[in-house]
Each structure stands twice: as structure tokens, then as C-alpha cells.
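J.: Following this line is structure-v9.cif, made up of mmCIF, C-alpha atoms:
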data_start
#
loop_
_atom_site.label_atom_id
_atom_site.label_comp_id
_atom_site.auth_asym_id
_atom_site.auth_seq_id
_atom_site.Cartn_x
_atom_site.Cartn_y
_atom_site.Cartn_z
CA MET U 1 0.00 0.00 0.00
CA MET U 2 1.07 3.60 -0.50
CA THR U 3 2.37 5.39 2.55
CA ALA U 4 1.15 8.65 4.01
CA HIS U 5 4.01 10.40 2.16
CA LEU U 6 2.34 10.22 -1.22
CA ALA U 7 4.26 10.93 -4.38
CA PHE U 8 2.70 12.70 -7.36
CA THR U 9 3.77 13.15 -10.95
CA HIS U 10 3.28 16.86 -11.60
CA LEU U 11 2.10 17.68 -15.10
CA SER U 12 0.98 20.98 -16.58
CA SER U 13 0.81 20.39 -20.34
CA ARG U 14 -2.45 19.51 -22.07
CA ASP U 15 -0.35 17.61 -24.62
CA ASN U 16 0.93 15.04 -22.15
CA PRO U 17 -0.47 11.61 -23.18
CA ARG U 18 -1.87 10.86 -19.72
CA VAL U 19 -3.57 14.25 -19.59
CA ARG U 20 -4.91 13.94 -23.15
CA LEU U 21 -6.49 10.58 -22.35
CA PHE U 22 -8.34 12.01 -19.37
CA ALA U 23 -9.57 14.90 -21.54
CA SER U 24 -10.84 12.67 -24.34
CA LEU U 25 -12.65 10.31 -21.98
CA ALA U 26 -14.32 13.25 -20.25
CA SER U 27 -15.89 14.69 -23.39
CA MET U 28 -16.05 12.04 -26.12
CA PRO U 29 -18.46 9.06 -25.92
CA ARG U 30 -16.83 7.56 -29.01
CA GLU U 31 -13.43 7.64 -27.31
CA ARG U 32 -14.86 5.90 -24.25
CA ARG U 33 -16.16 3.09 -26.44
CA LYS U 34 -12.95 2.92 -28.46
CA CYS U 35 -10.71 2.73 -25.38
CA GLY U 36 -13.16 0.69 -23.33
CA GLN U 37 -12.65 3.12 -20.45
CA THR U 38 -14.51 5.84 -18.55
CA LEU U 39 -13.92 8.39 -15.81
CA LEU U 40 -14.96 8.49 -12.17
CA ASP U 41 -15.18 11.88 -10.47
CA GLY U 42 -15.05 12.31 -6.71
CA VAL U 43 -13.94 10.51 -3.58
CA HIS U 44 -17.28 8.75 -3.17
CA LEU U 45 -17.29 7.12 -6.61
CA LEU U 46 -13.62 6.17 -6.44
CA GLY U 47 -14.23 4.63 -3.02
CA CYS U 48 -17.22 2.65 -4.30
CA ALA U 49 -15.10 1.34 -7.17
CA LEU U 50 -12.32 0.23 -4.82
CA ASP U 51 -14.87 -1.40 -2.51
CA ALA U 52 -16.17 -3.37 -5.51
CA GLY U 53 -12.66 -4.52 -6.47
CA VAL U 54 -12.39 -2.29 -9.53
CA ASP U 55 -8.85 -1.34 -10.58
CA LEU U 56 -8.16 2.37 -10.96
CA LEU U 57 -6.01 2.57 -14.08
CA ASP U 58 -4.82 6.12 -13.44
CA VAL U 59 -5.67 8.86 -10.97
CA CYS U 60 -5.55 12.63 -11.40
CA VAL U 61 -5.66 15.18 -8.56
CA SER U 62 -5.92 18.96 -8.73
CA GLU U 63 -3.13 21.03 -7.22
CA SER U 64 -5.34 22.64 -4.59
CA LYS U 65 -6.80 19.30 -3.43
CA ARG U 66 -3.66 17.18 -3.22
CA GLY U 67 -3.52 17.67 0.54
CA ASN U 68 -7.22 17.05 1.15
CA PRO U 69 -7.52 14.42 3.95
CA GLU U 70 -10.30 12.46 2.20
CA ILE U 71 -8.34 12.33 -1.03
CA LEU U 72 -5.14 11.32 0.76
CA ALA U 73 -6.99 8.55 2.61
CA LEU U 74 -8.37 7.23 -0.66
CA LEU U 75 -5.01 7.38 -2.43
CA ALA U 76 -3.49 5.43 0.45
CA ARG U 77 -5.75 2.52 -0.51
CA LEU U 78 -4.16 2.20 -3.95
CA PRO U 79 -1.64 -0.56 -4.60
CA ALA U 80 1.92 0.48 -5.27
CA GLY U 81 2.47 1.52 -8.84
CA GLU U 82 2.76 4.59 -11.02
CA PRO U 83 2.08 7.69 -8.88
CA PRO U 84 -1.11 9.64 -9.54
CA ILE U 85 -0.74 12.80 -11.56
CA CYS U 86 -1.25 16.26 -10.10
CA VAL U 87 -2.25 19.10 -12.41
CA PRO U 88 -2.99 22.82 -11.96
CA ASP U 89 -6.57 23.63 -11.02
CA ALA U 90 -7.32 25.32 -14.34
CA LEU U 91 -6.20 22.22 -16.25
CA PHE U 92 -8.11 19.91 -13.90
CA THR U 93 -11.30 21.87 -14.62
CA ARG U 94 -10.78 21.17 -18.33
CA LEU U 95 -10.35 17.46 -17.62
CA SER U 96 -13.32 17.04 -15.30
CA PRO U 97 -16.51 15.75 -16.94
CA VAL U 98 -18.78 17.47 -14.40
CA ASP U 99 -19.77 21.07 -13.77
CA THR U 100 -18.41 21.14 -10.21
CA PRO U 101 -15.05 19.32 -10.13
CA THR U 102 -14.24 17.57 -6.87
CA GLY U 103 -10.47 17.52 -7.20
CA ILE U 104 -9.92 13.85 -8.04
CA LEU U 105 -10.54 11.74 -11.14
CA ALA U 106 -9.79 8.15 -12.04
CA ARG U 107 -9.80 6.10 -15.21
CA ILE U 108 -11.37 2.64 -15.08
CA ALA U 109 -11.96 -0.04 -17.69
CA LEU U 110 -15.56 -0.54 -18.77
CA PRO U 111 -16.91 -3.91 -17.65
CA LEU U 112 -16.68 -6.47 -20.42
CA PRO U 113 -20.09 -6.87 -22.05
CA SER U 114 -21.85 -10.04 -21.03
CA PRO U 115 -23.69 -12.23 -23.51
CA GLN U 116 -27.26 -11.09 -23.88
CA GLU U 117 -29.05 -13.05 -21.19
CA ALA U 118 -32.57 -14.38 -21.51
CA ALA U 119 -32.91 -13.89 -17.74
CA ALA U 120 -35.85 -16.28 -17.94
CA ARG U 121 -36.94 -15.98 -14.30
CA GLU U 122 -35.22 -12.84 -13.11
CA THR U 123 -36.64 -9.38 -12.57
CA LEU U 124 -34.88 -6.90 -14.82
CA ILE U 125 -35.17 -3.36 -16.13
CA VAL U 126 -35.21 -2.55 -19.84
CA LEU U 127 -34.36 1.08 -20.63
CA ASP U 128 -35.38 2.18 -24.11
CA GLY U 129 -33.98 5.32 -25.68
CA ILE U 130 -33.32 7.24 -22.45
CA GLN U 131 -31.03 10.13 -23.36
CA ASP U 132 -30.61 12.03 -20.12
CA PRO U 133 -27.64 10.63 -18.14
CA GLY U 134 -29.06 12.02 -14.91
CA ASN U 135 -32.30 10.09 -15.38
CA LEU U 136 -30.46 6.94 -16.37
CA GLY U 137 -28.11 7.11 -13.39
CA SER U 138 -31.04 7.79 -11.06
CA ILE U 139 -32.87 4.70 -12.33
CA LEU U 140 -29.76 2.58 -11.80
CA ARG U 141 -29.47 3.89 -8.25
CA THR U 142 -33.13 3.03 -7.63
CA ALA U 143 -32.68 -0.43 -9.15
CA ALA U 144 -29.80 -1.24 -6.83
CA ALA U 145 -31.75 0.04 -3.82
CA ALA U 146 -34.78 -2.07 -4.76
CA GLY U 147 -32.76 -5.25 -5.21
CA VAL U 148 -32.87 -5.44 -9.03
CA SER U 149 -29.47 -6.44 -10.34
CA LEU U 150 -29.89 -6.75 -14.13
CA VAL U 151 -30.40 -3.78 -16.48
CA TRP U 152 -30.62 -3.77 -20.26
CA ASP U 153 -30.11 -0.57 -22.28
CA THR U 154 -31.26 -0.44 -25.87
CA SER U 155 -29.05 1.10 -28.53
CA GLY U 156 -30.88 4.44 -28.31
CA CYS U 157 -29.85 5.06 -24.69
CA THR U 158 -27.13 7.37 -23.51
CA GLN U 159 -24.03 5.55 -22.26
CA ALA U 160 -24.72 3.95 -18.90
CA TRP U 161 -21.04 4.31 -17.95
CA SER U 162 -20.70 7.95 -18.97
CA PRO U 163 -19.22 10.15 -16.22
CA LYS U 164 -22.50 12.00 -15.68
CA ALA U 165 -24.55 8.80 -15.45
CA LEU U 166 -21.98 7.39 -13.05
CA ARG U 167 -22.19 10.44 -10.85
CA ALA U 168 -26.00 10.28 -10.80
CA GLY U 169 -25.80 6.57 -9.95
CA MET U 170 -23.71 7.30 -6.83
CA GLY U 171 -21.93 3.95 -6.98
CA ALA U 172 -24.97 1.83 -7.93
CA HIS U 173 -23.27 0.77 -11.18
CA PHE U 174 -20.90 -1.43 -9.21
CA HIS U 175 -23.83 -3.43 -7.79
CA LEU U 176 -25.50 -4.08 -11.16
CA ARG U 177 -25.04 -6.13 -14.30
CA ILE U 178 -25.55 -3.57 -17.04
CA ILE U 179 -25.76 -4.77 -20.62
CA GLU U 180 -25.78 -2.04 -23.26
CA ARG U 181 -27.01 -1.95 -26.84
CA VAL U 182 -29.39 -4.82 -26.25
CA ASP U 183 -31.98 -5.93 -28.80
CA ALA U 184 -34.70 -6.09 -26.18
CA LEU U 185 -37.25 -7.89 -28.36
CA VAL U 186 -34.77 -10.68 -29.03
CA GLY U 187 -33.72 -10.80 -25.39
CA LEU U 188 -37.30 -11.01 -24.16
CA ALA U 189 -38.29 -13.78 -26.56
CA ALA U 190 -37.53 -16.49 -23.99
CA TYR U 191 -38.55 -14.48 -20.94
CA GLN U 192 -40.86 -16.44 -18.65
CA GLY U 193 -41.85 -13.64 -16.30
CA LYS U 194 -44.30 -10.80 -16.80
CA VAL U 195 -43.33 -7.96 -19.17
CA VAL U 196 -44.75 -4.70 -17.84
CA ALA U 197 -44.89 -1.12 -19.10
CA THR U 198 -46.49 1.97 -17.60
CA GLY U 199 -48.94 4.13 -19.51
CA VAL U 200 -52.50 5.27 -19.96
CA GLY U 201 -55.28 4.30 -22.32
CA GLU U 202 -57.94 1.65 -22.72
CA LYS U 203 -55.54 -1.26 -22.32
CA SER U 204 -54.01 0.02 -19.10
CA ARG U 205 -55.15 -0.99 -15.65
CA MET U 206 -54.62 0.45 -12.20
CA PHE U 207 -51.10 0.03 -10.94
CA PHE U 208 -52.01 -1.19 -7.44
CA ASP U 209 -54.23 -3.97 -8.85
CA ALA U 210 -51.27 -5.76 -10.46
CA ASP U 211 -49.57 -8.79 -8.93
CA LEU U 212 -45.85 -7.96 -8.98
CA ARG U 213 -44.57 -10.67 -6.67
CA GLY U 214 -43.05 -12.78 -9.44
CA PRO U 215 -40.30 -11.92 -11.93
CA VAL U 216 -41.03 -8.80 -13.95
CA ALA U 217 -39.30 -7.24 -16.93
CA TRP U 218 -39.97 -3.52 -16.46
CA LEU U 219 -40.00 -1.45 -19.65
CA PHE U 220 -39.15 2.24 -19.25
CA GLY U 221 -39.03 4.54 -22.26
CA ALA U 222 -37.50 7.82 -23.29
CA GLU U 223 -38.45 11.01 -21.48
CA GLY U 224 -40.37 12.48 -24.41
CA ARG U 225 -41.58 9.79 -26.78
CA GLY U 226 -41.85 6.87 -24.37
CA LEU U 227 -41.32 3.28 -25.43
CA SER U 228 -40.87 2.31 -29.05
CA PRO U 229 -44.14 0.92 -30.50
CA ALA U 230 -42.65 -2.54 -30.97
CA LEU U 231 -41.46 -2.76 -27.38
CA LEU U 232 -44.74 -1.38 -26.02
CA ALA U 233 -46.59 -4.05 -28.01
CA ARG U 234 -44.43 -6.70 -26.31
CA ALA U 235 -45.75 -5.74 -22.86
CA ASP U 236 -48.06 -8.28 -21.24
CA GLU U 237 -49.55 -5.54 -19.08
CA ILE U 238 -49.69 -1.75 -19.18
CA LEU U 239 -50.08 -0.29 -15.71
CA ARG U 240 -51.47 3.14 -14.94
CA ILE U 241 -49.83 4.97 -12.04
CA PRO U 242 -52.50 7.02 -10.26
CA MET U 243 -51.95 10.77 -10.46
CA MET U 244 -53.97 13.88 -9.70
CA GLU U 245 -56.22 15.21 -12.44
CA GLY U 246 -54.45 17.43 -14.95
CA ILE U 247 -51.05 15.73 -14.52
CA GLU U 248 -50.14 13.75 -17.61
CA SER U 249 -47.05 11.82 -16.61
CA LEU U 250 -44.14 11.32 -14.24
CA ASN U 251 -40.46 11.74 -14.91
CA VAL U 252 -39.14 8.32 -15.97
CA GLY U 253 -36.89 8.14 -12.90
CA ALA U 254 -39.85 8.80 -10.59
CA ALA U 255 -42.01 6.25 -12.41
CA ALA U 256 -39.28 3.63 -12.07
CA ALA U 257 -38.98 4.31 -8.35
CA VAL U 258 -42.74 3.94 -7.83
CA CYS U 259 -42.81 0.65 -9.75
CA LEU U 260 -39.75 -0.98 -8.21
CA PHE U 261 -40.61 -0.12 -4.64
CA GLU U 262 -44.23 -1.26 -5.06
CA GLN U 263 -42.86 -4.59 -6.29
CA MET U 264 -40.53 -4.65 -3.31
CA ARG U 265 -43.47 -3.93 -0.98
CA GLN U 266 -45.58 -6.70 -2.49
CA ARG U 267 -42.78 -9.17 -2.02
CA GLY U 268 -42.67 -8.30 1.65
CA VAL U 269 -38.98 -7.52 1.68
CA ALA U 270 -37.82 -6.96 5.23
CA LEU U 271 -35.58 -3.91 5.57
#
Could you render the structure as C-alpha cells?

T.:
Amino acid sequence: MMTAHLAFTHLSSRDNPRVRLFASLASMPRERRKCGQTLLDGVHLLGCALDAGVDLLDVCVSESKRGNPEILALLARLPAGEPPICVPDALFTRLSPVDTPTGILARIALPLPSPQEAAARETLIVLDGIQDPGNLGSILRTAAAAGVSLVWDTSGCTQAWSPKALRAGMGAHFHLRIIERVDALVGLAAYQGKVVATGVGEKSRMFFDADLRGPVAWLFGAEGRGLSPALLARADEILRIPMMEGIESLNVGAAAAVCLFEQMRQRGVAL
């Protein structure tokens, strides 16, 4: 383990290869896919990654935060190896993928994609075309809290492992199996549980009348257009969440929370 007398590699040029890699991962989704890497921002996320056994490939600290006790305690957990880099605050701000930089970043490898699982008897979440990383990360955080461990993202979704989605997930990513760019119709072909969407209309029924105790594949669609017609047609049930008159819909993150915790309640999960 590293000692309390931590060494840093001080860099100030944007052209340094280590610095350039941080910058490209922060701002370019294509680069994240090409490199198979992403960025974590903040002591909390880095700590969650270490707790989950994730290797931090490289760490970057801002000049003004290099003596921060929380950051030093986290760096002391790293195995011996190449020292983290320390850059001027102005450069760190350019590297950070978030609006309010915390003073520490890390590169990690994206989890290797798993084969598309049929998940025949497992509750899962299918996210279709969700573009807002904050909403996506919030749903992942809710999924982990509600005991759902498998999430499929269709090809129209924003990157689940983008820095902003990671920050919104608050470490939930490391408790989930997230499979991206899934053909949900193919994946659900062998599904033996109930496939459920939320919505309104003649075919919908009241949310609290549904039996959610068994395995459920929850379908949640994009913030504006909702589920694709083909995926909506695949639903065995369309459930209507009760709302006050004049309110048309809930934010997709709020709808997911209502659904997952009602399922949790029906299963009688002891907390």
C-alpha cells in the first residue's frame, strides 16, 4: 500500500499523453467506447469502485486538493504503482466531466459486455432510448436500492457508464449487471416472467391492482416519446400509475422508483 508520504507526478501540459487521455474520456463518448474506459469523479465514486474490487487505471488530482484528507486517505488505498498525476486547477477543470469538479478523477476499464441473457426468471429493467444521463443514473441507483441487479439498455440510450450517469448513480453501477445496446425484443423472446410497461389508455389498468410478486421485466421509455411501439406491443400488461387530475405523466426516474418499490413492498422484503 502507498504510505502517508504520497508521491505525485506533476504535469501541466495539455499535450501530455496521460492528460490527453483524461480529456478525451471526459468529453467524447466515441473515445470511451474505443478505449473501453470511462472516468470516475469524486472521492465517493472512487471509493465505491475500490470497494467493488475495480482497478483504478490512473488517478488525477488537482493542485489545490492534493492535501485534502479524504483524497489522501483514498489514495493510500491504492496498490503500489505509477504515482497519480497532479495538475494545476485550471487544467483539472478542463479534464473534469462534471460542472463542479471535486479535485480527483480516475480512469477505469468498462466492464466487459456479457452475452445477452434471456434472464428467464429474473426481474430486470429494460431502458429504451433514455437520453438524459441524470435520469439513467437515477434509475440505476433506484434499481440497486430495490434489489434489481440486471439492467438492459437499448441502442438508443445514452451511455450507462458515462461520467455524468456514473455520478447520478452514486456507486450503484458497481452493484448491477448492465448490458448495453441490447436488442430487447430478441432478449425477451424467452422471458418467462411478466413484461410490464407503464402508460395510460384503454388497455391500461390500475397500478395497485397488479400482482408484482413474481419476476417482472420492467420497460421504461425515453423522457419524451416513451417506449418504441414494438417494445410497447411486447408488454403483457400496461399499468397506470394514479396521479392527480391534470397531470399527464411522471419523470421516468420517478415512475421507475414507484414501480420498483411497489414490487418490493408486495414481495414483503424486510428492511

J.: Which polymer residues, whether protein, DNA or RNA, lie within 12 Å of the coordinate (-35.9, 8.6, -11.9) when you count all atoms listed in the file? List them as a PyMOL selection string, using the chain letters and numbers from the file.

T.: chain U and resi 127+130+132-143+165+168-169+220-223+250-260

J.: Which centre and edge lengths in Å to one decimal define the box along x, y and z that fits every listed atom of range 195-212 of chain U plus 8 Å per side, as AutoDock Vina command-line options?

T.:
--center_x -50.6 --center_y -1.8 --center_z -15.1 --size_x 30.6 --size_y 30.1 --size_z 31.3

J.: Given the choices U:Glu202, U:Glu82, U:Asp209, U:Asp153, which gets closest to Thr9 in chain U if the distance is worked out from only C-alpha atoms?

T.: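 Of U:Glu202, U:Glu82, U:Asp209, U:Asp153, the one nearest Thr9 in chain U, counting only C-alpha atoms, is U:Glu82.
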
J.: On this structure, which residues satisfy the PyMOL selection byres ((chain U and resi 66-68) around 10), written as a list in words?

T.: Leu6, Phe8, Cys60, Val61, Ser62, Glu63, Ser64, Lys65, Pro69, Glu70, Ile71, Leu72, Ala73, Leu75, Ile85, Cys86, Val87, Gly103 and Ile104 of chain U

J.: Please evaluate the PyMOL selection byres ((chain U and resi 29) around 12) against the displayed coordinates and give the resulting residues as a list of chain:residue names.

T.: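 So the PyMOL selection byres ((chain U and resi 29) around 12), applied here, picks out U:Ala23, U:Ser24, U:Leu25, U:Ala26, U:Ser27, U:Met28, U:Arg30, U:Glu31, U:Arg32, U:Arg33, U:Lys34, U:Cys35, U:Gly36, U:Gln37, U:Thr38, U:Leu39, U:Pro97, U:Thr158, U:Gln159, U:Ala160, U:Trp161, U:Ser162, U:Pro163, U:Lys164.
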
J.: Given the PyMOL selection byres ((chain U and resi 196) around 7) and the file above, list the residues it selects as an MDAnalysis selection string.

T.: chainID U and resid 194:195 197:198 216:219 235:238

J.: Could those selected residues go to a file with C-alpha atoms, as a PDB file, in the frame of the given file?

T.:
ATOM      1  CA  LYS U 194     -44.300 -10.800 -16.800  1.00  0.00           C
ATOM      2  CA  VAL U 195     -43.330  -7.960 -19.170  1.00  0.00           C
ATOM      3  CA  ALA U 197     -44.890  -1.120 -19.100  1.00  0.00           C
ATOM      4  CA  THR U 198     -46.490   1.970 -17.600  1.00  0.00           C
ATOM      5  CA  VAL U 216     -41.030  -8.800 -13.950  1.00  0.00           C
ATOM      6  CA  ALA U 217     -39.300  -7.240 -16.930  1.00  0.00           C
ATOM      7  CA  TRP U 218     -39.970  -3.520 -16.460  1.00  0.00           C
ATOM      8  CA  LEU U 219     -40.000  -1.450 -19.650  1.00  0.00           C
ATOM      9  CA  ALA U 235     -45.750  -5.740 -22.860  1.00  0.00           C
ATOM     10  CA  ASP U 236     -48.060  -8.280 -21.240  1.00  0.00           C
ATOM     11  CA  GLU U 237     -49.550  -5.540 -19.080  1.00  0.00           C
ATOM     12  CA  ILE U 238     -49.690  -1.750 -19.180  1.00  0.00           C
TER      13      ILE U 238
END

J.: Nearest to His173 in chain U: which of U:Ala233, U:Leu185, U:Leu57, U:Leu45 is it, counting only C-alpha atoms?

T.: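 Closest to His173 in chain U of all the choices is U:Leu45.
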
J.: Provide the CA of Phe174 in chain U to CA of Leu112 in chain U distance in Å, to one decimal place.

T.: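 Computing the Euclidean distance for CA of Phe174 in chain U and CA of Leu112 in chain U yields 13.0 Å.
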
J.: Rounded to one decimal in Å, what is the spacing between CA of Leu105 in chain U and CA of Ala144 in chain U?

T.: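 Atom-to-atom, CA of Leu105 in chain U to CA of Ala144 in chain U, that is 23.6 Å.
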
J.: Distance CA of Ala145 in chain U-CA of Val43 in chain U, one decimal place?

T.: 20.7 Å

J.: Excluding same-chain residues fewer than 3 positions from Phe208 in chain U, what lies within 9 Å of it counting only C-alpha atoms, as a PDB file with C-alpha atoms, keeping the file's coordinate frame?

T.:
ATOM      1  CA  ARG U 205     -55.150  -0.990 -15.650  1.00  0.00           C
ATOM      2  CA  ASP U 211     -49.570  -8.790  -8.930  1.00  0.00           C
ATOM      3  CA  LEU U 239     -50.080  -0.290 -15.710  1.00  0.00           C
ATOM      4  CA  ARG U 240     -51.470   3.140 -14.940  1.00  0.00           C
ATOM      5  CA  ILE U 241     -49.830   4.970 -12.040  1.00  0.00           C
ATOM      6  CA  PRO U 242     -52.500   7.020 -10.260  1.00  0.00           C
ATOM      7  CA  GLU U 262     -44.230  -1.260  -5.060  1.00  0.00           C
TER       8      GLU U 262
END

J.: Need the shell around Gly53 in chain U: protein/DNA/RNA residues with any atom at most 12 Å away, counting only C-alpha atoms. Skip same-chain ones fewer than 2 positions apart. Format as a PyMOL selection string?

T.: chain U and resi 46-51+55-56+77-79+108+111+174-175

J.: With all atoms listed in the file as the atoms that count, which of U:Phe92, U:Phe261, U:Tyr191, U:Phe207 lies nearest to Ala146 in chain U?

T.: U:Phe261

J.: So, counting all atoms listed in the file, which residue among U:Met206, U:Leu212, U:Cys157, U:Leu21 is closest to Met264 in chain U?

T.: U:Leu212

J.: Give the answer as one residue: which of U:Leu74, U:Gly224, U:Val200, U:Val126 has the shortest atom-to-atom distance to Ile247 in chain U, using only C-alpha atoms?

T.: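 For Ile247 in chain U, the nearest of the candidates is U:Val200.
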
J.: Hey, which of U:Leu11, U:Leu150, U:Leu40, U:Leu124 ends up closest to Thr102 in chain U? Count all atoms listed in the file.

T.: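 Among U:Leu11, U:Leu150, U:Leu40, U:Leu124, it is U:Leu40 that comes nearest to Thr102 in chain U.
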
J.: What lies within 8 Å of Gln192 in chain U using all atoms listed in the file, ignoring chain neighbours under 2 positions off, as a list in words?

T.: Ala120, Arg121, Ala190 and Lys194 of chain U
